[in-house]
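A.B. asks: Got entry_23.cif for you, mmCIF, N, CA and C atoms:
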```cif
data_run
loop_
_atom_site.group_PDB
_atom_site.id
_atom_site.type_symbol
_atom_site.label_atom_id
_atom_site.label_comp_id
_atom_site.auth_asym_id
_atom_site.auth_seq_id
_atom_site.Cartn_x
_atom_site.Cartn_y
_atom_site.Cartn_z
ATOM 1 N N MET A 1 11.405 -0.714 -10.383
ATOM 2 C CA MET A 1 10.854 -0.457 -9.070
ATOM 3 C C MET A 1 11.846 -0.991 -8.038
ATOM 4 N N GLY A 2 11.631 -0.684 -6.814
ATOM 5 C CA GLY A 2 12.586 -1.087 -5.795
ATOM 6 C C GLY A 2 11.946 -1.647 -4.540
ATOM 7 N N GLY A 3 10.881 -2.402 -4.657
ATOM 8 C CA GLY A 3 10.272 -2.989 -3.464
ATOM 9 C C GLY A 3 9.697 -1.921 -2.551
ATOM 10 N N LEU A 4 9.946 -2.050 -1.249
ATOM 11 C CA LEU A 4 9.402 -1.108 -0.275
ATOM 12 C C LEU A 4 10.069 0.251 -0.321
ATOM 13 N N ARG A 5 11.236 0.335 -0.931
ATOM 14 C CA ARG A 5 11.912 1.636 -1.008
ATOM 15 C C ARG A 5 11.210 2.561 -1.991
ATOM 16 N N THR A 6 10.609 1.991 -3.011
ATOM 17 C CA THR A 6 9.863 2.817 -3.963
ATOM 18 C C THR A 6 8.433 2.297 -4.027
ATOM 19 N N ALA A 7 8.016 1.718 -5.156
ATOM 20 C CA ALA A 7 6.644 1.229 -5.272
ATOM 21 C C ALA A 7 6.581 -0.171 -5.860
ATOM 22 N N GLY A 8 7.685 -0.874 -5.856
ATOM 23 C CA GLY A 8 7.730 -2.210 -6.451
ATOM 24 C C GLY A 8 6.778 -3.195 -5.811
ATOM 25 N N ASP A 9 6.594 -3.106 -4.499
ATOM 26 C CA ASP A 9 5.668 -4.010 -3.817
ATOM 27 C C ASP A 9 4.235 -3.768 -4.265
ATOM 28 N N LEU A 10 3.897 -2.515 -4.472
ATOM 29 C CA LEU A 10 2.541 -2.169 -4.897
ATOM 30 C C LEU A 10 2.302 -2.588 -6.350
ATOM 31 N N VAL A 11 3.316 -2.395 -7.184
ATOM 32 C CA VAL A 11 3.210 -2.791 -8.590
ATOM 33 C C VAL A 11 3.082 -4.308 -8.693
ATOM 34 N N ALA A 12 3.859 -5.046 -7.918
ATOM 35 C CA ALA A 12 3.783 -6.512 -7.939
ATOM 36 C C ALA A 12 2.403 -6.984 -7.499
ATOM 37 N N ARG A 13 1.854 -6.370 -6.463
ATOM 38 C CA ARG A 13 0.523 -6.749 -6.004
ATOM 39 C C ARG A 13 -0.524 -6.435 -7.066
ATOM 40 N N ALA A 14 -0.389 -5.303 -7.741
ATOM 41 C CA ALA A 14 -1.326 -4.949 -8.814
ATOM 42 C C ALA A 14 -1.227 -5.955 -9.959
ATOM 43 N N GLN A 15 -0.010 -6.391 -10.280
ATOM 44 C CA GLN A 15 0.164 -7.390 -11.334
ATOM 45 C C GLN A 15 -0.543 -8.686 -10.975
ATOM 46 N N MET A 16 -0.354 -9.143 -9.747
ATOM 47 C CA MET A 16 -0.933 -10.423 -9.343
ATOM 48 C C MET A 16 -2.442 -10.332 -9.151
ATOM 49 N N GLU A 17 -2.888 -9.309 -8.433
ATOM 50 C CA GLU A 17 -4.307 -9.230 -8.087
ATOM 51 C C GLU A 17 -5.177 -8.785 -9.253
ATOM 52 N N LYS A 18 -4.735 -7.778 -9.958
ATOM 53 C CA LYS A 18 -5.532 -7.224 -11.058
ATOM 54 C C LYS A 18 -5.196 -7.866 -12.402
ATOM 55 N N LYS A 19 -4.200 -8.790 -12.404
ATOM 56 C CA LYS A 19 -3.769 -9.491 -13.608
ATOM 57 C C LYS A 19 -3.370 -8.515 -14.715
ATOM 58 N N LEU A 20 -2.517 -7.551 -14.344
ATOM 59 C CA LEU A 20 -2.055 -6.535 -15.276
ATOM 60 C C LEU A 20 -0.633 -6.819 -15.728
ATOM 61 N N LYS A 21 -0.309 -6.372 -16.919
ATOM 62 C CA LYS A 21 1.078 -6.391 -17.384
ATOM 63 C C LYS A 21 1.824 -5.336 -16.578
ATOM 64 N N ILE A 22 3.162 -5.422 -16.556
ATOM 65 C CA ILE A 22 3.935 -4.533 -15.682
ATOM 66 C C ILE A 22 3.716 -3.060 -16.000
ATOM 67 N N ALA A 23 3.669 -2.700 -17.265
ATOM 68 C CA ALA A 23 3.455 -1.287 -17.617
ATOM 69 C C ALA A 23 2.080 -0.807 -17.151
ATOM 70 N N ASP A 24 1.078 -1.654 -17.314
ATOM 71 C CA ASP A 24 -0.271 -1.302 -16.869
ATOM 72 C C ASP A 24 -0.352 -1.240 -15.345
ATOM 73 N N ALA A 25 0.365 -2.134 -14.679
ATOM 74 C CA ALA A 25 0.378 -2.141 -13.212
ATOM 75 C C ALA A 25 1.037 -0.874 -12.671
ATOM 76 N N LYS A 26 2.121 -0.445 -13.309
ATOM 77 C CA LYS A 26 2.781 0.793 -12.888
ATOM 78 C C LYS A 26 1.849 1.982 -13.047
ATOM 79 N N THR A 27 1.153 2.039 -14.171
ATOM 80 C CA THR A 27 0.215 3.124 -14.418
ATOM 81 C C THR A 27 -0.927 3.101 -13.410
ATOM 82 N N TYR A 28 -1.449 1.910 -13.118
ATOM 83 C CA TYR A 28 -2.545 1.751 -12.152
ATOM 84 C C TYR A 28 -2.124 2.279 -10.778
ATOM 85 N N VAL A 29 -0.948 1.854 -10.307
ATOM 86 C CA VAL A 29 -0.474 2.273 -8.985
ATOM 87 C C VAL A 29 -0.203 3.773 -8.970
ATOM 88 N N ALA A 30 0.404 4.293 -10.021
ATOM 89 C CA ALA A 30 0.684 5.731 -10.088
ATOM 90 C C ALA A 30 -0.610 6.538 -9.997
ATOM 91 N N GLN A 31 -1.631 6.092 -10.696
ATOM 92 C CA GLN A 31 -2.925 6.791 -10.641
ATOM 93 C C GLN A 31 -3.524 6.725 -9.238
ATOM 94 N N LYS A 32 -3.462 5.569 -8.616
ATOM 95 C CA LYS A 32 -4.031 5.406 -7.273
ATOM 96 C C LYS A 32 -3.294 6.263 -6.242
ATOM 97 N N LEU A 33 -1.976 6.427 -6.434
ATOM 98 C CA LEU A 33 -1.194 7.226 -5.500
ATOM 99 C C LEU A 33 -1.183 8.707 -5.868
ATOM 100 N N GLY A 34 -1.654 9.024 -7.068
ATOM 101 C CA GLY A 34 -1.686 10.405 -7.509
ATOM 102 C C GLY A 34 -0.323 10.964 -7.875
ATOM 103 N N ILE A 35 0.532 10.113 -8.446
ATOM 104 C CA ILE A 35 1.883 10.527 -8.830
ATOM 105 C C ILE A 35 2.157 10.118 -10.274
ATOM 106 N N ASP A 36 3.309 10.550 -10.807
ATOM 107 C CA ASP A 36 3.694 10.119 -12.143
ATOM 108 C C ASP A 36 4.657 8.933 -12.040
ATOM 109 N N LEU A 37 4.951 8.327 -13.184
ATOM 110 C CA LEU A 37 5.791 7.130 -13.190
ATOM 111 C C LEU A 37 7.217 7.412 -12.726
ATOM 112 N N GLU A 38 7.743 8.601 -13.013
ATOM 113 C CA GLU A 38 9.104 8.933 -12.578
ATOM 114 C C GLU A 38 9.192 9.001 -11.062
ATOM 115 N N THR A 39 8.192 9.547 -10.429
ATOM 116 C CA THR A 39 8.190 9.666 -8.972
ATOM 117 C C THR A 39 8.201 8.288 -8.321
ATOM 118 N N MET A 40 7.581 7.315 -8.980
ATOM 119 C CA MET A 40 7.526 5.962 -8.418
ATOM 120 C C MET A 40 8.903 5.337 -8.261
ATOM 121 N N THR A 41 9.879 5.782 -9.045
ATOM 122 C CA THR A 41 11.221 5.196 -8.968
ATOM 123 C C THR A 41 12.181 6.037 -8.135
ATOM 124 N N ASP A 42 11.714 7.150 -7.603
ATOM 125 C CA ASP A 42 12.542 8.036 -6.787
ATOM 126 C C ASP A 42 12.393 7.656 -5.314
ATOM 127 N N GLU A 43 13.470 7.121 -4.725
ATOM 128 C CA GLU A 43 13.412 6.647 -3.339
ATOM 129 C C GLU A 43 13.029 7.744 -2.355
ATOM 130 N N CYS A 44 13.586 8.921 -2.506
ATOM 131 C CA CYS A 44 13.295 10.013 -1.565
ATOM 132 C C CYS A 44 11.837 10.459 -1.667
ATOM 133 N N ALA A 45 11.368 10.633 -2.887
ATOM 134 C CA ALA A 45 9.974 11.066 -3.073
ATOM 135 C C ALA A 45 9.008 10.008 -2.554
ATOM 136 N N MET A 46 9.313 8.731 -2.805
ATOM 137 C CA MET A 46 8.423 7.664 -2.344
ATOM 138 C C MET A 46 8.458 7.510 -0.829
ATOM 139 N N LYS A 47 9.614 7.747 -0.221
ATOM 140 C CA LYS A 47 9.693 7.689 1.242
ATOM 141 C C LYS A 47 8.771 8.750 1.845
ATOM 142 N N GLU A 48 8.828 9.953 1.281
ATOM 143 C CA GLU A 48 7.963 11.037 1.772
ATOM 144 C C GLU A 48 6.483 10.716 1.526
ATOM 145 N N LEU A 49 6.169 10.170 0.344
ATOM 146 C CA LEU A 49 4.784 9.832 0.023
ATOM 147 C C LEU A 49 4.270 8.710 0.920
ATOM 148 N N ARG A 50 5.107 7.673 1.127
ATOM 149 C CA ARG A 50 4.703 6.568 2.004
ATOM 150 C C ARG A 50 4.446 7.064 3.425
ATOM 151 N N GLU A 51 5.265 8.001 3.896
ATOM 152 C CA GLU A 51 5.044 8.552 5.230
ATOM 153 C C GLU A 51 3.777 9.401 5.260
ATOM 154 N N LYS A 52 3.562 10.198 4.205
ATOM 155 C CA LYS A 52 2.376 11.052 4.133
ATOM 156 C C LYS A 52 1.096 10.214 4.104
ATOM 157 N N LEU A 53 1.085 9.138 3.285
ATOM 158 C CA LEU A 53 -0.080 8.265 3.183
ATOM 159 C C LEU A 53 -0.129 7.238 4.301
ATOM 160 N N ASP A 54 0.978 7.114 5.047
ATOM 161 C CA ASP A 54 1.113 6.163 6.157
ATOM 162 C C ASP A 54 0.863 4.729 5.695
ATOM 163 N N ILE A 55 1.571 4.346 4.612
ATOM 164 C CA ILE A 55 1.411 2.998 4.069
ATOM 165 C C ILE A 55 2.662 2.137 4.267
ATOM 166 N N GLY A 56 3.476 2.486 5.242
ATOM 167 C CA GLY A 56 4.638 1.676 5.565
ATOM 168 C C GLY A 56 5.779 1.882 4.596
ATOM 169 N N GLY A 57 6.919 1.344 4.958
ATOM 170 C CA GLY A 57 8.111 1.456 4.131
ATOM 171 C C GLY A 57 9.161 0.475 4.599
ATOM 172 N N ALA A 58 10.332 0.537 3.982
ATOM 173 C CA ALA A 58 11.410 -0.387 4.340
ATOM 174 C C ALA A 58 11.853 -0.179 5.784
ATOM 175 N N MET A 59 11.984 1.071 6.173
ATOM 176 C CA MET A 59 12.372 1.417 7.541
ATOM 177 C C MET A 59 11.306 2.355 8.100
ATOM 178 N N SER A 60 10.261 1.800 8.676
ATOM 179 C CA SER A 60 9.169 2.632 9.191
ATOM 180 C C SER A 60 9.641 3.465 10.367
ATOM 181 N N SER A 61 9.279 4.718 10.339
ATOM 182 C CA SER A 61 9.631 5.639 11.411
ATOM 183 C C SER A 61 8.692 5.434 12.594
ATOM 184 N N VAL A 62 9.103 5.922 13.733
ATOM 185 C CA VAL A 62 8.265 5.852 14.922
ATOM 186 C C VAL A 62 6.984 6.634 14.659
ATOM 187 N N GLY A 63 5.864 6.031 14.995
ATOM 188 C CA GLY A 63 4.586 6.692 14.818
ATOM 189 C C GLY A 63 3.938 6.445 13.466
ATOM 190 N N HIS A 64 4.631 5.728 12.583
ATOM 191 C CA HIS A 64 4.062 5.424 11.269
ATOM 192 C C HIS A 64 3.625 3.969 11.215
ATOM 193 N N ALA A 65 2.724 3.684 10.287
ATOM 194 C CA ALA A 65 2.122 2.353 10.176
ATOM 195 C C ALA A 65 3.157 1.272 9.877
ATOM 196 N N LYS A 66 2.927 0.132 10.495
ATOM 197 C CA LYS A 66 3.733 -1.067 10.254
ATOM 198 C C LYS A 66 2.776 -2.244 10.160
ATOM 199 N N GLY A 67 3.204 -3.308 9.553
ATOM 200 C CA GLY A 67 2.443 -4.545 9.542
ATOM 201 C C GLY A 67 1.032 -4.421 9.030
ATOM 202 N N MET A 68 0.085 -4.913 9.827
ATOM 203 C CA MET A 68 -1.316 -4.963 9.426
ATOM 204 C C MET A 68 -1.894 -3.573 9.146
ATOM 205 N N ALA A 69 -1.505 -2.586 9.928
ATOM 206 C CA ALA A 69 -2.006 -1.226 9.709
ATOM 207 C C ALA A 69 -1.571 -0.710 8.346
ATOM 208 N N ALA A 70 -0.324 -0.947 7.976
ATOM 209 C CA ALA A 70 0.174 -0.515 6.669
ATOM 210 C C ALA A 70 -0.550 -1.262 5.550
ATOM 211 N N LYS A 71 -0.747 -2.557 5.736
ATOM 212 C CA LYS A 71 -1.459 -3.347 4.721
ATOM 213 C C LYS A 71 -2.882 -2.858 4.524
ATOM 214 N N ALA A 72 -3.551 -2.518 5.619
ATOM 215 C CA ALA A 72 -4.923 -2.040 5.525
ATOM 216 C C ALA A 72 -4.984 -0.716 4.777
ATOM 217 N N ARG A 73 -4.024 0.143 5.031
ATOM 218 C CA ARG A 73 -4.002 1.428 4.332
ATOM 219 C C ARG A 73 -3.662 1.252 2.855
ATOM 220 N N ILE A 74 -2.771 0.323 2.545
ATOM 221 C CA ILE A 74 -2.445 0.023 1.144
ATOM 222 C C ILE A 74 -3.680 -0.512 0.431
ATOM 223 N N ALA A 75 -4.392 -1.423 1.073
ATOM 224 C CA ALA A 75 -5.601 -2.000 0.476
ATOM 225 C C ALA A 75 -6.627 -0.909 0.176
ATOM 226 N N ALA A 76 -6.799 0.007 1.102
ATOM 227 C CA ALA A 76 -7.772 1.080 0.912
ATOM 228 C C ALA A 76 -7.316 2.068 -0.159
ATOM 229 N N GLN A 77 -6.042 2.433 -0.147
ATOM 230 C CA GLN A 77 -5.518 3.423 -1.086
ATOM 231 C C GLN A 77 -5.507 2.917 -2.520
ATOM 232 N N CYS A 78 -5.124 1.648 -2.699
ATOM 233 C CA CYS A 78 -4.939 1.112 -4.051
ATOM 234 C C CYS A 78 -6.069 0.211 -4.532
ATOM 235 N N GLY A 79 -7.055 -0.018 -3.687
ATOM 236 C CA GLY A 79 -8.180 -0.854 -4.100
ATOM 237 C C GLY A 79 -7.841 -2.324 -4.185
ATOM 238 N N PHE A 80 -6.914 -2.784 -3.342
ATOM 239 C CA PHE A 80 -6.527 -4.192 -3.327
ATOM 240 C C PHE A 80 -7.368 -4.956 -2.323
ATOM 241 N N ASN A 81 -7.574 -6.241 -2.588
ATOM 242 C CA ASN A 81 -8.238 -7.128 -1.653
ATOM 243 C C ASN A 81 -7.154 -7.990 -1.017
ATOM 244 N N ILE A 82 -6.723 -7.636 0.179
ATOM 245 C CA ILE A 82 -5.672 -8.377 0.876
ATOM 246 C C ILE A 82 -6.361 -9.268 1.897
ATOM 247 N N ASP A 83 -6.220 -10.581 1.732
ATOM 248 C CA ASP A 83 -6.965 -11.545 2.537
ATOM 249 C C ASP A 83 -6.814 -11.341 4.038
ATOM 250 N N CYS A 84 -5.580 -11.171 4.518
ATOM 251 C CA CYS A 84 -5.391 -11.044 5.969
ATOM 252 C C CYS A 84 -6.061 -9.781 6.504
ATOM 253 N N VAL A 85 -6.096 -8.724 5.704
ATOM 254 C CA VAL A 85 -6.773 -7.497 6.117
ATOM 255 C C VAL A 85 -8.279 -7.724 6.183
ATOM 256 N N GLU A 86 -8.818 -8.393 5.157
ATOM 257 C CA GLU A 86 -10.258 -8.675 5.139
ATOM 258 C C GLU A 86 -10.657 -9.541 6.334
ATOM 259 N N LYS A 87 -9.866 -10.570 6.628
ATOM 260 C CA LYS A 87 -10.171 -11.445 7.764
ATOM 261 C C LYS A 87 -10.112 -10.676 9.077
ATOM 262 N N PHE A 88 -9.091 -9.836 9.218
ATOM 263 C CA PHE A 88 -8.960 -9.046 10.443
ATOM 264 C C PHE A 88 -10.138 -8.104 10.611
ATOM 265 N N LEU A 89 -10.492 -7.395 9.536
ATOM 266 C CA LEU A 89 -11.617 -6.456 9.621
ATOM 267 C C LEU A 89 -12.928 -7.170 9.914
ATOM 268 N N ASN A 90 -13.123 -8.361 9.336
ATOM 269 C CA ASN A 90 -14.336 -9.132 9.624
ATOM 270 C C ASN A 90 -14.381 -9.558 11.084
ATOM 271 N N LYS A 91 -13.247 -9.993 11.616
ATOM 272 C CA LYS A 91 -13.206 -10.413 13.016
ATOM 273 C C LYS A 91 -13.462 -9.243 13.949
ATOM 274 N N THR A 92 -12.876 -8.100 13.664
ATOM 275 C CA THR A 92 -13.087 -6.952 14.550
ATOM 276 C C THR A 92 -14.495 -6.397 14.402
ATOM 277 N N LYS A 93 -15.045 -6.473 13.205
ATOM 278 C CA LYS A 93 -16.420 -6.000 12.991
ATOM 279 C C LYS A 93 -17.393 -6.894 13.758
ATOM 280 N N ASN A 94 -17.166 -8.206 13.718
ATOM 281 C CA ASN A 94 -18.052 -9.144 14.411
ATOM 282 C C ASN A 94 -17.914 -9.055 15.919
ATOM 283 N N SER A 95 -16.746 -8.643 16.407
ATOM 284 C CA SER A 95 -16.558 -8.560 17.851
ATOM 285 C C SER A 95 -17.073 -7.234 18.407
ATOM 286 N N GLY A 96 -17.310 -6.274 17.520
ATOM 287 C CA GLY A 96 -17.788 -4.976 17.964
ATOM 288 C C GLY A 96 -16.674 -4.008 18.292
ATOM 289 N N ALA A 97 -15.434 -4.475 18.284
ATOM 290 C CA ALA A 97 -14.297 -3.599 18.569
ATOM 291 C C ALA A 97 -13.855 -2.897 17.286
ATOM 292 N N PRO A 98 -13.708 -1.584 17.308
ATOM 293 C CA PRO A 98 -13.266 -0.879 16.095
ATOM 294 C C PRO A 98 -11.785 -1.122 15.846
ATOM 295 N N PRO A 99 -11.379 -1.322 14.600
ATOM 296 C CA PRO A 99 -9.967 -1.447 14.301
ATOM 297 C C PRO A 99 -9.280 -0.110 14.559
ATOM 298 N N THR A 100 -8.077 -0.149 15.060
ATOM 299 C CA THR A 100 -7.391 1.094 15.434
ATOM 300 C C THR A 100 -6.763 1.798 14.251
ATOM 301 N N PHE A 101 -6.707 1.172 13.080
ATOM 302 C CA PHE A 101 -6.023 1.785 11.943
ATOM 303 C C PHE A 101 -6.963 2.160 10.814
ATOM 304 N N ALA A 102 -8.240 1.893 10.898
ATOM 305 C CA ALA A 102 -9.145 2.175 9.776
ATOM 306 C C ALA A 102 -9.695 3.565 9.822
#
```
Would you kindly transcribe this structure into structure tokens?
C.D. replies:
Amino acid sequence: MGGLRTAGDLVARAQMEKKLKIADAKTYVAQKLGIDLETMTDECAMKELREKLDIGGAMSSVGHAKGMAAKARIAAQCGFNIDCVEKFLNKTKNSGAPPTFA
């Protein structure tokens, strides 16, 4: 994997959060993204997929998700529980203000 350029960040999070071995984590992420394992290692294909799903990337383009917005979309797409996203959503839910990225 290659970090944000491909799907390495997502695989690492799946390993830590879901307590999966690397092969199982790759399969889990591939299923959640709706791609095969080969596509996960292709930088060009993953750049297009990250832009399509708006889940951030190494060099986010103008108009695409960055930071918290990207994390929230990753959490929703892959079924991850990301603490900072949960805290942010709880705070915005309690304040009555809708989050701009959900």
A.B. asks: Interatomic distance between atom N of A:Lys52 and atom C of A:Leu33?
C.D. replies: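 Between these atoms lies a distance of 11.2 Å.
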A.B. asks: Give me the residues within 8 Å of A:Met68 as a PyMOL selection string, counting only N, CA and C atoms and dropping any in the same chain fewer than 3 places off.
C.D. replies: chain A and resi 65+71-74+84-85+101
A.B. asks: Return as lines of an AutoDock Vina configuration file the box centre and box size in Å, one decimal, for an axis-aligned box around all listed atoms of stretch 36-43 of chain A padded by 3 Å per side.
C.D. replies:
```
center_x = 8.4
center_y = 7.9
center_z = -7.8
size_x = 16.2
size_y = 11.4
size_z = 16.8
```
A.B. asks: Here's the selection I'm unsure about, the PyMOL selection byres (((chain A and resi 6-17 and name CA) around 8) and name CA); applied to the file above, which residues does it give, as JSON, numbers by chain?
C.D. replies: {"A": [1, 2, 3, 4, 5, 18, 19, 20, 21, 22, 25, 26, 28, 29, 40, 41, 42, 43, 46, 47, 80, 81]}
A.B. asks: Closest to A:Cys78 among A:Glu51, A:Met59, A:Lys66, A:Gln31, using only N, CA and C atoms?
C.D. replies: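 Checking each of A:Glu51, A:Met59, A:Lys66, A:Gln31 against A:Cys78, counting only N, CA and C atoms, the winner is A:Gln31.
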A.B. asks: Please, what distance in Å, to one decimal, runs between atom CA of A:Leu37 and atom CA of A:Glu86?
C.D. replies: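 Result for atom CA of A:Leu37 versus atom CA of A:Glu86: 29.0 Å, one decimal.
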A.B. asks: Can you tell me how far atom CA of A:Glu48 sits from atom CA of A:Ala69, in Å to one decimal?
C.D. replies: 17.7 Å
